[in-house]
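Engineer: Next comes start-v4.pdb, PDB, C-alpha atoms:
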```
ATOM      1  CA  MET A 226      -0.083  27.187   9.835
ATOM      2  CA  THR A 227       0.417  26.849  13.598
ATOM      3  CA  LYS A 228      -0.031  30.602  13.881
ATOM      4  CA  THR A 229      -3.555  30.486  12.449
ATOM      5  CA  ILE A 230      -4.418  27.535  14.689
ATOM      6  CA  ILE A 231      -3.281  29.491  17.737
ATOM      7  CA  LYS A 232      -5.212  32.557  16.547
ATOM      8  CA  VAL A 233      -8.376  30.497  16.100
ATOM      9  CA  LEU A 234      -7.926  28.855  19.498
ATOM     10  CA  VAL A 235      -7.419  32.209  21.230
ATOM     11  CA  LEU A 236     -10.464  33.616  19.466
ATOM     12  CA  LEU A 237     -12.585  30.655  20.564
ATOM     13  CA  LEU A 238     -11.312  31.016  24.116
ATOM     14  CA  VAL A 239     -12.189  34.726  24.174
ATOM     15  CA  ILE A 240     -15.658  34.063  22.794
ATOM     16  CA  SER A 241     -16.435  31.293  25.273
ATOM     17  CA  LEU A 242     -15.005  33.114  28.287
ATOM     18  CA  GLY A 243     -16.785  36.298  27.216
ATOM     19  CA  SER A 244     -20.152  34.626  26.964
ATOM     20  CA  TYR A 245     -19.555  32.822  30.250
ATOM     21  CA  TYR A 246     -18.767  36.170  31.859
ATOM     22  CA  ILE A 247     -21.936  37.772  30.465
ATOM     23  CA  TYR A 248     -24.017  34.795  31.548
ATOM     24  CA  LYS A 249     -22.633  34.675  35.052
ATOM     25  CA  ASN A 250     -22.177  38.349  35.895
ATOM     26  CA  ILE A 251     -24.861  40.130  33.920
ATOM     27  CA  LEU A 252     -27.736  37.809  33.022
ATOM     28  CA  TYR A 253     -27.700  35.684  36.150
ATOM     29  CA  LYS A 254     -25.642  37.715  38.573
ATOM     30  CA  ASP A 255     -26.155  37.138  42.267
ATOM     31  CA  ALA A 256     -28.621  39.305  44.154
ATOM     32  CA  ARG A 257     -27.231  41.830  46.606
ATOM     33  CA  ASP A 258     -26.215  40.289  49.883
ATOM     34  CA  ILE A 259     -27.022  43.021  52.400
ATOM     35  CA  ASN A 260     -25.559  41.020  55.276
ATOM     36  CA  SER A 261     -22.091  41.102  53.737
ATOM     37  CA  GLU A 262     -22.299  44.729  52.587
ATOM     38  CA  LYS A 263     -20.825  47.544  54.659
ATOM     39  CA  SER A 264     -23.424  50.006  55.959
ATOM     40  CA  ILE A 265     -23.142  53.587  54.723
ATOM     41  CA  LEU A 266     -24.090  54.973  58.121
ATOM     42  CA  THR A 267     -25.396  54.180  61.588
ATOM     43  CA  ILE A 268     -28.415  56.183  62.710
ATOM     44  CA  SER A 269     -30.979  56.066  65.523
ATOM     45  CA  ALA A 270     -34.454  54.871  64.522
ATOM     46  CA  THR A 271     -36.029  58.118  65.764
ATOM     47  CA  ASP A 272     -33.675  60.361  63.775
ATOM     48  CA  LEU A 273     -34.241  58.346  60.616
ATOM     49  CA  GLU A 274     -38.031  58.510  60.916
ATOM     50  CA  ASN A 275     -37.885  62.245  61.712
ATOM     51  CA  GLU A 276     -35.973  62.917  58.514
ATOM     52  CA  TYR A 277     -38.539  60.964  56.510
ATOM     53  CA  VAL A 278     -41.494  62.769  58.107
ATOM     54  CA  LEU A 279     -39.960  66.210  57.491
ATOM     55  CA  ASP A 280     -39.235  65.537  53.831
ATOM     56  CA  PRO A 281     -40.095  62.119  52.366
ATOM     57  CA  ALA A 282     -38.505  62.898  48.987
ATOM     58  CA  LYS A 283     -35.235  63.935  50.600
ATOM     59  CA  GLY A 284     -35.320  60.889  52.852
ATOM     60  CA  ASP A 285     -35.751  58.646  49.834
ATOM     61  CA  SER A 286     -32.913  60.290  47.946
ATOM     62  CA  LYS A 287     -30.602  59.863  50.937
ATOM     63  CA  TYR A 288     -31.536  56.417  52.197
ATOM     64  CA  LEU A 289     -33.624  54.450  49.670
ATOM     65  CA  ASN A 290     -32.053  51.120  48.681
ATOM     66  CA  LYS A 291     -29.002  51.834  50.879
ATOM     67  CA  THR A 292     -27.534  49.508  53.466
ATOM     68  CA  ILE A 293     -27.957  51.191  56.851
ATOM     69  CA  GLU A 294     -27.511  50.285  60.510
ATOM     70  CA  VAL A 295     -30.328  51.395  62.812
ATOM     71  CA  GLU A 296     -30.096  51.666  66.575
ATOM     72  CA  GLY A 297     -32.802  51.784  69.200
ATOM     73  CA  ILE A 298     -35.026  49.816  71.550
ATOM     74  CA  VAL A 299     -37.062  46.896  70.203
ATOM     75  CA  SER A 300     -40.751  47.808  70.527
ATOM     76  CA  GLU A 301     -42.432  44.949  68.678
ATOM     77  CA  VAL A 302     -41.412  41.416  67.708
ATOM     78  CA  THR A 303     -43.203  38.997  65.403
ATOM     79  CA  ASP A 304     -41.885  35.795  63.817
ATOM     80  CA  SER A 305     -40.308  37.491  60.847
ATOM     81  CA  SER A 306     -40.014  41.124  61.841
ATOM     82  CA  MET A 307     -39.036  43.630  64.500
ATOM     83  CA  VAL A 308     -39.975  47.248  65.059
ATOM     84  CA  ILE A 309     -37.459  49.613  66.630
ATOM     85  CA  ASP A 310     -38.699  52.528  68.776
ATOM     86  CA  HIS A 311     -42.108  52.285  66.969
ATOM     87  CA  LYS A 312     -40.359  54.011  64.050
ATOM     88  CA  VAL A 313     -38.426  51.517  61.950
ATOM     89  CA  PHE A 314     -39.840  48.207  60.740
ATOM     90  CA  CYS A 315     -37.276  45.509  59.999
ATOM     91  CA  LYS A 316     -38.018  42.374  58.020
ATOM     92  CA  MET A 317     -35.506  39.895  59.408
ATOM     93  CA  ASN A 318     -33.538  37.287  57.478
ATOM     94  CA  LYS A 319     -33.773  34.889  60.390
ATOM     95  CA  LYS A 320     -36.571  34.191  62.838
ATOM     96  CA  ALA A 321     -36.793  36.970  65.425
ATOM     97  CA  GLU A 322     -36.431  36.100  69.103
ATOM     98  CA  LYS A 323     -39.267  37.283  71.347
ATOM     99  CA  THR A 324     -36.784  37.741  74.198
ATOM    100  CA  LEU A 325     -35.291  40.760  72.405
ATOM    101  CA  MET A 326     -38.365  42.829  73.292
ATOM    102  CA  ASN A 327     -37.420  46.134  75.000
ATOM    103  CA  LYS A 328     -33.711  45.454  74.496
ATOM    104  CA  LYS A 329     -31.291  47.864  72.899
ATOM    105  CA  ILE A 330     -30.354  46.656  69.447
ATOM    106  CA  ASN A 331     -28.378  47.465  66.305
ATOM    107  CA  ILE A 332     -29.805  46.109  63.054
ATOM    108  CA  LYS A 333     -28.348  46.223  59.570
ATOM    109  CA  GLY A 334     -30.671  46.155  56.586
ATOM    110  CA  ARG A 335     -31.768  47.728  53.328
ATOM    111  CA  CYS A 336     -34.055  50.770  53.447
ATOM    112  CA  ILE A 337     -37.041  50.225  51.134
ATOM    113  CA  GLY A 338     -38.959  53.413  51.929
ATOM    114  CA  PHE A 339     -41.489  55.148  54.148
ATOM    115  CA  ASP A 340     -44.849  53.586  54.998
ATOM    116  CA  ASP A 341     -47.476  56.350  55.400
ATOM    117  CA  LEU A 342     -50.128  54.003  56.781
ATOM    118  CA  PHE A 343     -48.178  53.096  59.893
ATOM    119  CA  GLU A 344     -45.701  55.984  59.763
ATOM    120  CA  VAL A 345     -42.687  53.705  59.878
ATOM    121  CA  VAL A 346     -39.564  53.455  57.751
ATOM    122  CA  LYS A 347     -39.323  49.940  56.319
ATOM    123  CA  PHE A 348     -36.200  47.807  56.015
ATOM    124  CA  ASP A 349     -35.784  44.359  54.525
ATOM    125  CA  GLN A 350     -33.032  41.697  54.573
ATOM    126  CA  CYS A 351     -32.183  42.688  58.140
ATOM    127  CA  SER A 352     -29.663  41.058  60.427
ATOM    128  CA  ILE A 353     -28.840  41.774  64.056
ATOM    129  CA  GLN A 354     -25.406  43.327  64.522
ATOM    130  CA  GLN A 355     -25.373  43.514  68.319
ATOM    131  CA  HIS A 356     -27.719  43.462  71.278
TER
ATOM    132  CA  MET B 224     -76.589  70.907  79.868
ATOM    133  CA  LYS B 225     -75.244  68.004  81.915
ATOM    134  CA  LYS B 226     -77.458  65.610  80.006
ATOM    135  CA  ILE B 227     -76.025  66.809  76.733
ATOM    136  CA  ILE B 228     -72.478  66.281  77.976
ATOM    137  CA  VAL B 229     -73.316  62.786  79.167
ATOM    138  CA  LEU B 230     -74.967  62.040  75.830
ATOM    139  CA  LEU B 231     -71.931  63.374  74.019
ATOM    140  CA  PHE B 232     -69.653  61.092  75.991
ATOM    141  CA  LEU B 233     -71.918  58.145  75.293
ATOM    142  CA  PHE B 234     -71.880  58.980  71.613
ATOM    143  CA  VAL B 235     -68.092  59.218  71.558
ATOM    144  CA  GLY B 236     -67.968  55.898  73.385
ATOM    145  CA  ILE B 237     -70.147  54.214  70.770
ATOM    146  CA  LEU B 238     -68.016  55.649  67.959
ATOM    147  CA  GLN B 239     -64.861  54.256  69.514
ATOM    148  CA  VAL B 240     -66.366  50.815  69.947
ATOM    149  CA  SER B 241     -67.554  50.681  66.354
ATOM    150  CA  ALA B 242     -64.314  52.058  64.879
ATOM    151  CA  GLN B 243     -62.399  48.805  64.912
ATOM    152  CA  LYS B 244     -59.255  48.471  62.860
ATOM    153  CA  TYR B 245     -57.521  45.338  61.627
ATOM    154  CA  ALA B 246     -54.025  45.709  60.282
ATOM    155  CA  THR B 247     -50.828  44.053  59.099
ATOM    156  CA  LYS B 248     -47.339  45.210  58.202
ATOM    157  CA  THR B 249     -46.311  41.897  56.670
ATOM    158  CA  GLY B 250     -48.949  41.186  54.046
ATOM    159  CA  SER B 251     -47.946  39.398  50.886
ATOM    160  CA  LEU B 252     -48.428  40.916  47.448
ATOM    161  CA  LYS B 253     -47.440  39.034  44.301
ATOM    162  CA  PHE B 254     -47.560  39.861  40.655
ATOM    163  CA  GLU B 255     -46.894  37.949  37.490
ATOM    164  CA  ALA B 256     -46.307  39.204  33.950
ATOM    165  CA  THR B 257     -45.258  35.945  32.330
ATOM    166  CA  VAL B 258     -45.959  35.281  28.661
ATOM    167  CA  ASP B 259     -46.260  31.553  28.016
ATOM    168  CA  ALA B 260     -43.855  29.586  30.124
ATOM    169  CA  VAL B 261     -40.648  30.858  28.559
ATOM    170  CA  GLU B 262     -39.307  32.596  31.609
ATOM    171  CA  GLU B 263     -41.270  33.286  34.745
ATOM    172  CA  ILE B 264     -41.553  37.010  35.426
ATOM    173  CA  ALA B 265     -42.901  37.231  38.917
ATOM    174  CA  ALA B 266     -42.126  38.907  42.219
ATOM    175  CA  GLU B 267     -43.356  38.951  45.769
ATOM    176  CA  ASN B 268     -43.411  41.643  48.413
ATOM    177  CA  LYS B 269     -43.847  40.267  51.919
ATOM    178  CA  ASN B 270     -43.790  43.661  53.620
ATOM    179  CA  THR B 271     -47.098  45.043  52.438
ATOM    180  CA  SER B 272     -49.067  47.157  54.913
ATOM    181  CA  ALA B 273     -52.836  47.063  55.087
ATOM    182  CA  ILE B 274     -55.537  48.490  57.345
ATOM    183  CA  LEU B 275     -59.177  47.386  57.272
ATOM    184  CA  GLU B 276     -61.822  49.393  59.075
ATOM    185  CA  SER B 277     -64.275  46.657  59.993
ATOM    186  CA  SER B 278     -67.204  48.959  60.761
ATOM    187  CA  THR B 279     -67.284  50.431  57.246
ATOM    188  CA  GLY B 280     -65.294  48.000  55.091
ATOM    189  CA  ASP B 281     -62.800  50.708  54.134
ATOM    190  CA  ILE B 282     -59.449  49.227  53.228
ATOM    191  CA  ALA B 283     -56.057  50.849  52.604
ATOM    192  CA  VAL B 284     -53.003  48.999  51.302
ATOM    193  CA  LEU B 285     -49.482  50.301  50.823
ATOM    194  CA  THR B 286     -46.526  48.500  49.325
ATOM    195  CA  LEU B 287     -42.978  49.710  48.797
ATOM    196  CA  MET B 288     -41.733  48.993  45.293
ATOM    197  CA  LYS B 289     -38.152  48.274  46.405
ATOM    198  CA  GLY B 290     -39.538  45.462  48.528
ATOM    199  CA  PHE B 291     -40.476  43.319  45.511
ATOM    200  CA  ARG B 292     -38.096  40.383  45.256
ATOM    201  CA  PHE B 293     -37.493  38.460  42.045
ATOM    202  CA  LYS B 294     -35.741  35.146  41.601
ATOM    203  CA  VAL B 295     -33.406  36.738  39.050
ATOM    204  CA  ALA B 296     -31.427  39.764  40.259
ATOM    205  CA  LEU B 297     -31.244  41.350  36.811
ATOM    206  CA  MET B 298     -35.035  41.210  36.525
ATOM    207  CA  GLU B 299     -35.314  43.024  39.856
ATOM    208  CA  GLU B 300     -32.910  45.691  38.591
ATOM    209  CA  HIS B 301     -34.878  46.209  35.378
ATOM    210  CA  PHE B 302     -38.163  46.279  37.291
ATOM    211  CA  ASN B 303     -36.866  49.030  39.578
ATOM    212  CA  GLU B 304     -34.942  51.080  37.037
ATOM    213  CA  ASN B 305     -36.820  50.748  33.741
ATOM    214  CA  TYR B 306     -40.387  49.740  34.512
ATOM    215  CA  VAL B 307     -41.711  51.157  37.790
ATOM    216  CA  GLU B 308     -38.878  53.682  38.351
ATOM    217  CA  SER B 309     -38.902  53.020  42.071
ATOM    218  CA  ASP B 310     -36.484  55.870  42.849
ATOM    219  CA  LYS B 311     -39.058  58.340  41.539
ATOM    220  CA  PHE B 312     -42.170  56.441  42.656
ATOM    221  CA  PRO B 313     -41.177  54.446  45.738
ATOM    222  CA  LYS B 314     -44.639  53.174  46.672
ATOM    223  CA  ALA B 315     -47.915  51.848  45.359
ATOM    224  CA  THR B 316     -51.129  52.454  47.288
ATOM    225  CA  PHE B 317     -54.690  51.213  47.160
ATOM    226  CA  LYS B 318     -57.632  52.933  48.835
ATOM    227  CA  GLY B 319     -60.999  51.298  48.528
ATOM    228  CA  LYS B 320     -63.983  49.621  50.044
ATOM    229  CA  VAL B 321     -65.146  46.059  50.501
ATOM    230  CA  GLU B 322     -68.601  46.040  48.908
ATOM    231  CA  ASP B 323     -71.526  44.995  51.141
ATOM    232  CA  PHE B 324     -69.163  44.325  54.009
ATOM    233  CA  ASP B 325     -70.569  43.232  57.340
ATOM    234  CA  ALA B 326     -67.949  42.211  59.887
ATOM    235  CA  SER B 327     -70.480  40.453  62.094
ATOM    236  CA  LYS B 328     -71.297  37.958  59.351
ATOM    237  CA  LEU B 329     -67.700  36.841  58.823
ATOM    238  CA  SER B 330     -66.762  33.315  59.847
ATOM    239  CA  ALA B 331     -63.921  30.837  59.526
ATOM    240  CA  THR B 332     -65.228  29.784  56.121
ATOM    241  CA  ALA B 333     -64.090  32.292  53.525
ATOM    242  CA  LYS B 334     -66.794  34.339  51.842
ATOM    243  CA  ALA B 335     -66.526  35.990  48.451
ATOM    244  CA  PHE B 336     -66.490  39.793  48.269
ATOM    245  CA  LYS B 337     -65.655  42.467  45.751
ATOM    246  CA  ILE B 338     -63.178  45.166  46.714
ATOM    247  CA  SER B 339     -63.121  48.252  44.541
ATOM    248  CA  GLY B 340     -61.111  51.409  44.762
ATOM    249  CA  ASP B 341     -58.225  53.475  43.445
ATOM    250  CA  LEU B 342     -54.817  51.975  42.773
ATOM    251  CA  THR B 343     -51.921  54.436  42.535
ATOM    252  CA  LEU B 344     -48.795  53.093  40.886
ATOM    253  CA  HIS B 345     -45.986  54.735  38.938
ATOM    254  CA  GLY B 346     -47.613  58.133  39.567
ATOM    255  CA  LYS B 347     -50.914  57.132  37.918
ATOM    256  CA  THR B 348     -54.237  56.369  39.579
ATOM    257  CA  GLN B 349     -56.750  53.896  38.141
ATOM    258  CA  LYS B 350     -59.920  52.236  39.387
ATOM    259  CA  VAL B 351     -59.567  48.524  40.047
ATOM    260  CA  THR B 352     -61.926  45.852  41.322
ATOM    261  CA  ALA B 353     -60.590  42.758  43.031
ATOM    262  CA  ASN B 354     -62.272  39.439  43.684
ATOM    263  CA  ALA B 355     -61.585  38.675  47.310
ATOM    264  CA  LYS B 356     -62.237  36.040  49.911
ATOM    265  CA  ILE B 357     -62.520  37.111  53.505
ATOM    266  CA  SER B 358     -62.590  34.939  56.601
ATOM    267  CA  LYS B 359     -62.344  35.584  60.305
ATOM    268  CA  SER B 360     -61.138  33.492  63.181
ATOM    269  CA  GLY B 361     -60.757  35.002  66.613
ATOM    270  CA  ASP B 362     -59.096  38.398  66.345
ATOM    271  CA  LYS B 363     -57.711  37.746  62.871
ATOM    272  CA  ILE B 364     -59.254  38.597  59.529
ATOM    273  CA  THR B 365     -57.742  37.063  56.400
ATOM    274  CA  VAL B 366     -58.215  38.829  53.079
ATOM    275  CA  THR B 367     -57.025  37.069  49.942
ATOM    276  CA  GLY B 368     -57.755  37.824  46.328
ATOM    277  CA  ASN B 369     -56.570  38.920  42.951
ATOM    278  CA  PHE B 370     -57.046  41.402  40.142
ATOM    279  CA  ASP B 371     -55.552  42.179  36.755
ATOM    280  CA  ILE B 372     -54.029  45.452  35.623
ATOM    281  CA  LYS B 373     -52.560  46.639  32.358
ATOM    282  CA  ALA B 374     -49.057  48.072  32.404
ATOM    283  CA  GLN B 375     -49.984  50.736  29.825
ATOM    284  CA  ASP B 376     -52.747  52.101  32.107
ATOM    285  CA  PHE B 377     -50.014  53.093  34.536
ATOM    286  CA  ASP B 378     -47.680  54.546  31.917
ATOM    287  CA  ILE B 379     -45.364  51.577  32.206
ATOM    288  CA  GLU B 380     -43.976  50.985  28.774
ATOM    289  CA  ILE B 381     -42.911  47.509  27.742
ATOM    290  CA  PRO B 382     -40.328  47.809  24.959
ATOM    291  CA  LYS B 383     -41.288  46.049  21.698
ATOM    292  CA  LEU B 384     -38.128  43.980  21.900
ATOM    293  CA  VAL B 385     -39.335  42.148  25.015
ATOM    294  CA  SER B 386     -43.091  42.272  24.386
ATOM    295  CA  ASN B 387     -43.064  38.541  23.669
ATOM    296  CA  LYS B 388     -41.518  37.946  27.097
ATOM    297  CA  VAL B 389     -43.130  40.560  29.365
ATOM    298  CA  SER B 390     -46.900  40.605  29.411
ATOM    299  CA  ASN B 391     -48.826  43.878  29.335
ATOM    300  CA  LYS B 392     -51.520  42.196  31.396
ATOM    301  CA  ILE B 393     -50.287  41.764  34.930
ATOM    302  CA  LYS B 394     -51.857  39.413  37.424
ATOM    303  CA  VAL B 395     -51.743  40.701  40.977
ATOM    304  CA  SER B 396     -52.642  38.593  43.988
ATOM    305  CA  PHE B 397     -52.657  39.414  47.684
ATOM    306  CA  ASN B 398     -52.798  37.595  50.989
ATOM    307  CA  LEU B 399     -53.326  39.784  54.042
ATOM    308  CA  LEU B 400     -53.512  38.352  57.540
ATOM    309  CA  LEU B 401     -54.939  41.234  59.548
ATOM    310  CA  ALA B 402     -54.738  41.362  63.332
ATOM    311  CA  LYS B 403     -56.926  43.513  65.582
ATOM    312  CA  LEU B 404     -55.176  46.763  66.467
TER
END
```
In structure tokens, what does this structure look like?

Structural biologist:
Amino acid sequence: MTKTIIKVLVLLLVISLGSYYIYKNILYKDARDINSEKSILTISATDLENEYVLDPAKGDSKYLNKTIEVEGIVSEVTDSSMVIDHKVFCKMNKKAEKTLMNKKINIKGRCIGFDDLFEVVKFDQCSIQQH
Amino acid sequence: MKKIIVLLFLFVGILQVSAQKYATKTGSLKFEATVDAVEEIAAENKNTSAILESSTGDIAVLTLMKGFRFKVALMEEHFNENYVESDKFPKATFKGKVEDFDASKLSATAKAFKISGDLTLHGKTQKVTANAKISKSGDKITVTGNFDIKAQDFDIEIPKLVSNKVSNKIKVSFNLLLAKL
């Protein structure tokens, strides 16, 4: 008698924990947090853009959706974005400081692809690593 | 001979004055494919590039598919992997013209225009026409508007199982704040 009760209880526990797990980790899992992810490589803005210009498909296969650190000199600053060496556009998580203009910088973000109109590689969810 | 050269220079000068571009790298592009109000299926891309040639009304827009952000992470994953296949087709582009565009007649009050052209998405190109409102203040031109597309026109298949959740008709809206280049 107690054995069946225990069996039923264990079964119920497994079912409820299982559905909780599916709910939490599959249906409503957290979005990627680029800031806490480790970058797969550090590259200069110019080198990255060069690779994309030479072969966009290869660039995409190597860098698309990856967390990357880019280095270079800040060439443009707006409220929400920065451009490095006129080659890499970074959409920042936080408000960008105008005083960073022309400073050397290292930014971590997610590569979302190559923009033919402006000939820049675009990054989003960017954060400043050092300057 | 000299006269011709001078004339040529003048001509080039005029061309450069009239070729005036307005552009943004941080335009907003939203879409919605919600059926009823069961679960909102919508995403926004705040990193959309656009260039408007104000002398002719030619407009080019480019958005990177990976840049679309959803409220639900799983939705974003399905969007990228199953629907638009953003690894294979990383961008969507629009090349078109603002009909009857005259930059000199723009003002701070938004005027209605039609923008028509070719939209390339998921490797397919289709003609679309958007209802737009355009206004100008100082060196900034604001273009807002919307249009509808059908997922099937772009070879995006919506599985039967979710057809009561994901709409085949997709509402796209844009808000582009263009600054003088």

Engineer: Using the chain letters and numbers from the file, give me the residues hit by the ChimeraX specification (/A :<9) & /B, as a PyMOL selection string.

Structural biologist: chain B and resi 248-249+269-270+272-274+283-290+294-299+310-311+313-314

Engineer: Work out how far CA of Ser264 in chain A is from CA of Glu300 in chain B, in Å to one decimal.

Structural biologist: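 According to the coordinates, CA of Glu300 in chain B and CA of Ser264 in chain A are separated by 20.3 Å.
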
Engineer: To one decimal place in Å, what is the distance between CA of Asp258 in chain A and CA of Lys291 in chain A?

Structural biologist: 11.9 Å

Engineer: Please, which residues in range 348-400 of chain B fall within 8 Å of range 317-329 of chain B when counting all atoms listed in the file, and what is the closest atom pair and distance in Å to one decimal for each, ordered by chain then residue number, as a tab-separated table?

Structural biologist:
```
residue	atom	partner	partner_atom	distance
B:Ile357	CA	B:Leu329	CA	7.4
B:Ser358	CA	B:Leu329	CA	5.9
B:Lys359	CA	B:Leu329	CA	5.7
```

Engineer: Those same residues, written as a tab-separated table (two decimals), in the frame of the given file with C-alpha atoms?

Structural biologist:
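Done, and the output landed in result_26.tsv:
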```tsv
chain	number	residue	atom	x	y	z
B	357	ILE	CA	-62.52	37.11	53.50
B	358	SER	CA	-62.59	34.94	56.60
B	359	LYS	CA	-62.34	35.58	60.30
```

Engineer: Just so the selection is clear, what residues does the PyMOL selection byres ((chain B and resi 391) around 7) cover here, as an mmCIF file with C-alpha atoms, in the frame of the given file?

Structural biologist:
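part.cif, freshly written:
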```cif
data_model
loop_
_atom_site.group_PDB
_atom_site.id
_atom_site.type_symbol
_atom_site.label_atom_id
_atom_site.label_comp_id
_atom_site.auth_asym_id
_atom_site.auth_seq_id
_atom_site.Cartn_x
_atom_site.Cartn_y
_atom_site.Cartn_z
ATOM 1 C CA LYS B 373 -52.560 46.639 32.358
ATOM 2 C CA ALA B 374 -49.057 48.072 32.404
ATOM 3 C CA GLN B 375 -49.984 50.736 29.825
ATOM 4 C CA VAL B 389 -43.130 40.560 29.365
ATOM 5 C CA SER B 390 -46.900 40.605 29.411
ATOM 6 C CA LYS B 392 -51.520 42.196 31.396
ATOM 7 C CA ILE B 393 -50.287 41.764 34.930
#
```

Engineer: Using the chain letters and residue numbers of this document, give as a list in words the residues selected by the PyMOL selection byres ((chain A and resi 321) around 10).

Structural biologist: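 Applying the expression gives Val302, Thr303, Asp304, Ser305, Ser306, Met307, Lys316, Met317, Asn318, Lys319, Lys320, Glu322, Lys323, Thr324, Leu325, Met326, Ser352 and Ile353 of chain A.
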
Engineer: Residues at most 10 Å from Val295 in chain A, counting all atoms listed in the file, excluding those fewer than 4 positions away in the same chain, as a VMD selection string?

Structural biologist: chain A and resid 264 266 to 273 309 313 315 330 to 334 348 353 to 354

Engineer: Could you list as a CSV table (one decimal) with C-alpha atoms, in the coordinates of the input every residue that has an atom within 9 Å of (-46.1, 42.6, 40.0), using the file's coordinates and counting only C-alpha atoms?

Structural biologist:
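Saved to selection_15.csv:
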```csv
chain,number,residue,atom,x,y,z
B,252,LEU,CA,-48.4,40.9,47.4
B,253,LYS,CA,-47.4,39.0,44.3
B,254,PHE,CA,-47.6,39.9,40.7
B,255,GLU,CA,-46.9,37.9,37.5
B,256,ALA,CA,-46.3,39.2,34.0
B,264,ILE,CA,-41.6,37.0,35.4
B,265,ALA,CA,-42.9,37.2,38.9
B,266,ALA,CA,-42.1,38.9,42.2
B,267,GLU,CA,-43.4,39.0,45.8
B,268,ASN,CA,-43.4,41.6,48.4
B,291,PHE,CA,-40.5,43.3,45.5
B,393,ILE,CA,-50.3,41.8,34.9
B,394,LYS,CA,-51.9,39.4,37.4
B,395,VAL,CA,-51.7,40.7,41.0
B,396,SER,CA,-52.6,38.6,44.0
```

Engineer: Rounded to one decimal place, report the CA of Leu404 in chain B-CA of Tyr245 in chain B distance in Å.

Structural biologist: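 Taking CA of Leu404 in chain B as the start and CA of Tyr245 in chain B as the end point, the length is 5.6 Å.
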
Engineer: Of the residues A:Val346, A:Ile247, A:Cys351, A:Ile230, which is the one nearest to Asn275 in chain A, using all atoms listed in the file?

Structural biologist: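 Of A:Val346, A:Ile247, A:Cys351, A:Ile230, the one nearest Asn275 in chain A is A:Val346, counting all atoms listed in the file.
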
Engineer: In terms of the shortest atom-to-atom distance over only C-alpha atoms, which of A:Tyr245, A:Glu344, A:Gly284, A:Ile293 is closest to His311 in chain A?

Structural biologist: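 Ranked by minimum distance to His311 in chain A, first place goes to A:Glu344.
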
Engineer: Within 10 Å of Val366 in chain B, counting all atoms listed in the file, which residues show up once you throw out same-chain ones fewer than 5 positions away? Write them as an NGL selection string, please.

Structural biologist: :B and (250 or 275 or 333-336 or 355-359 or 397-401)

Engineer: Near Leu342 in chain B, counting all atoms listed in the file, which residues have an atom at most 6 Å away, once you skip same-chain residues fewer than 5 positions from it, shown as a count of residues only?

Structural biologist: 4

Engineer: Kindly extract all protein, DNA and RNA residues lying within 7 Å of the coordinates (-64.8, 45.8, 61.6) given in the file, considering only C-alpha atoms, and supply them as an MDAnalysis selection string.

Structural biologist: chainID B and resid 243:244 276:280 326
